[in-house]
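See below for the structure under consideration.
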2 protein chains.
Amino acid sequence: MSNLELPVLGQDDAAACCSPMVREPLGEEAAVDLARMFKALSDPVRLRLLSLIASHEGGEACVCDLTGPFDVSQPTISHHLKVLREAGLVGSERRGTWVYYWVLPAALARLSSLLEAPAGAR
Amino acid sequence: MSNLELPVLGQDDAAACCSPMVREPLGEEAAVDLARMFKALSDPVRLRLLSLIASHEGGEACVCDLTGPFDVSQPTISHHLKVLREAGLVGSERRGTWVYYWVLPAALARLSSLLEAPAGAR
DNA sequence: TCCTTGATTCGACAGTTATCGATATGGATG
DNA sequence: CATCCATATCGATAACTGTCGAATCAAGGA
């Protein structure tokens, strides 16, 4: 229902469906879209946030769980979470007092399969 | 029947070897290192360059093959190639008049496996 | 209703980045 | 050696990014 563009892809053959960039040149349009996602991953704080969220019990974490491990201020964490959300890498929802974040696996899978290299390459 | 911890581990070998960020929180040091590589991928021109190089016949391409498809100037292409090289994603070598670039598959594979998500996640 | 706590937004500032034209370098070739 | 071609480097500039403290919003509880 709420799936905008990507047809829910099964995780197991995600690698098979989406041509890795090693096989054929990336289109200009796709490159812009993918670059936006990689840019969200291009900051150490955001990478650690994503990994904290993903590895948290239940697959989700509230912001209160995420501010502790970092040396940066809470508004900065909030900013980074917004970047991750706008890149389509995480989802979020307010439940009562707290706001929870979770990873969107299809997005990670898309990037992962894109980077897969053929075994034989130099 | 050597299921380790996760009941629904889809891919057996690729996912098992290199701890994806989904399994455990990323260390601060590793995050800095990985963020540097993702930053190199966070520009549309660089993504297309990488994909052009990787998909080029023989697995390598000279700069002269790479300036044509873009609207940006030659110094700009040279700059982007330098960024990719310093991130450890490509190698390069001068052979006679031309300079050749090729992708370093181990670097791509490292990023790819990092982003692999478990099949069951929401 | 008023306070407290959790989270986002705002405004500002310093540092970084993408891009260009001009210039330099390095090798082949006449 | 002089010249041409392919790349790289330099210096400048406009745009973007990460960070902070202050202010704001949202939900509960006295």
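Following the order of the structure tokens, chains are lettered A, B, ..., residues in each are numbered from 1, and ligands are numbered from 1.
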Find the residues of chain C that sit at most 8 Å from chain B; for each, write down the nearest two atoms and how far apart they are in Å, to one decimal. Count only C-alpha atoms (C1' of nucleotides). Sort by chain, then by number going up, and give it as a Markdown table.
```
| residue | atom | partner | partner_atom | distance |
| --- | --- | --- | --- | --- |
| C:DA18 | C1' | B:Thr76 | CA | 7.9 |
| C:DT19 | C1' | B:Thr76 | CA | 6.7 |
| C:DC20 | C1' | B:Ser73 | CA | 7.6 |
| C:DG27 | C1' | B:Thr97 | CA | 5.8 |
| C:DA28 | C1' | B:Thr97 | CA | 7.2 |
```
For C-alpha atoms (C1' of nucleotides), I'd like the residues from the last selection saved as an mmCIF file, in the first residue's frame.
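Output saved as selection-v9.cif:
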```cif
data_model
loop_
_atom_site.group_PDB
_atom_site.id
_atom_site.type_symbol
_atom_site.label_atom_id
_atom_site.label_comp_id
_atom_site.auth_asym_id
_atom_site.auth_seq_id
_atom_site.Cartn_x
_atom_site.Cartn_y
_atom_site.Cartn_z
ATOM 1 C "C1'" DA C 18 32.477 20.384 -6.536
ATOM 2 C "C1'" DT C 19 33.548 22.981 -10.084
ATOM 3 C "C1'" DC C 20 36.022 25.929 -13.254
ATOM 4 C "C1'" DG C 27 55.661 10.929 -22.658
ATOM 5 C "C1'" DA C 28 55.650 10.211 -27.810
#
```
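If we count only C-alpha atoms (C1' of nucleotides), these residues of chain D sit within 9 Å of chain A: D:DG18, D:DT19, D:DC20, D:DA26, D:DA27, D:DG28.
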Which distance in Å separates atom CA of A:Glu60 and atom C1' of C:DT9, to one decimal?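 Answer for the atom CA of A:Glu60 to atom C1' of C:DT9 separation: 23.8 Å.
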If we count only C-alpha atoms, which residues of chain A reach to within 7 Å of chain B? Please list them as a VMD selection string. chain A and resid 11 to 12 21 to 26 31 to 32 35 to 36 38 to 39 41 to 44 47 to 48 51 to 52 54 to 55 105 108 to 109 112 to 113 115 to 117 121
Prev. selection, C-alpha atoms, output as a compact mmCIF listing (two decimals), in the first residue's frame:
```
# COMPACT_ATOMS: atom_id res chain seq x y z
CA GLN A 11 15.71 -10.62 0.28
CA ASP A 12 17.24 -13.79 -1.07
CA MET A 21 27.40 -1.63 -11.27
CA VAL A 22 30.19 -3.91 -12.30
CA ARG A 23 28.06 -5.35 -15.06
CA GLU A 24 26.79 -2.27 -16.87
CA PRO A 25 27.28 1.50 -16.60
CA LEU A 26 24.96 3.30 -14.23
CA ALA A 31 23.44 7.55 -10.04
CA VAL A 32 21.88 10.66 -8.54
CA ALA A 35 24.59 8.90 -4.50
CA ARG A 36 22.01 10.42 -2.19
CA PHE A 38 25.58 6.74 -0.07
CA LYS A 39 25.92 10.32 1.11
CA LEU A 41 26.27 6.71 4.88
CA SER A 42 29.27 8.97 4.47
CA ASP A 43 29.46 10.17 8.07
CA PRO A 44 30.90 8.10 10.94
CA LEU A 47 27.09 4.81 10.20
CA ARG A 48 27.26 4.04 13.89
CA SER A 51 24.38 0.01 13.08
CA LEU A 52 23.14 0.75 16.59
CA ALA A 54 19.90 -2.32 13.30
CA SER A 55 21.59 -4.35 15.99
CA PRO A 105 16.35 -3.56 4.93
CA LEU A 108 20.46 -1.59 2.47
CA ALA A 109 19.99 -4.63 0.25
CA SER A 112 24.69 -4.06 -1.04
CA SER A 113 23.80 -5.81 -4.26
CA LEU A 115 28.42 -3.18 -4.90
CA GLU A 116 28.75 -6.91 -5.40
CA ALA A 117 31.71 -7.70 -7.57
CA ALA A 121 37.88 -9.75 -11.28
```
Polymer residues at most 12 Å from C:DT23, only C-alpha atoms (C1' of nucleotides), same-chain spacing of 4 or more positions, as a ChimeraX atom specification: /B:75 /D:8-11
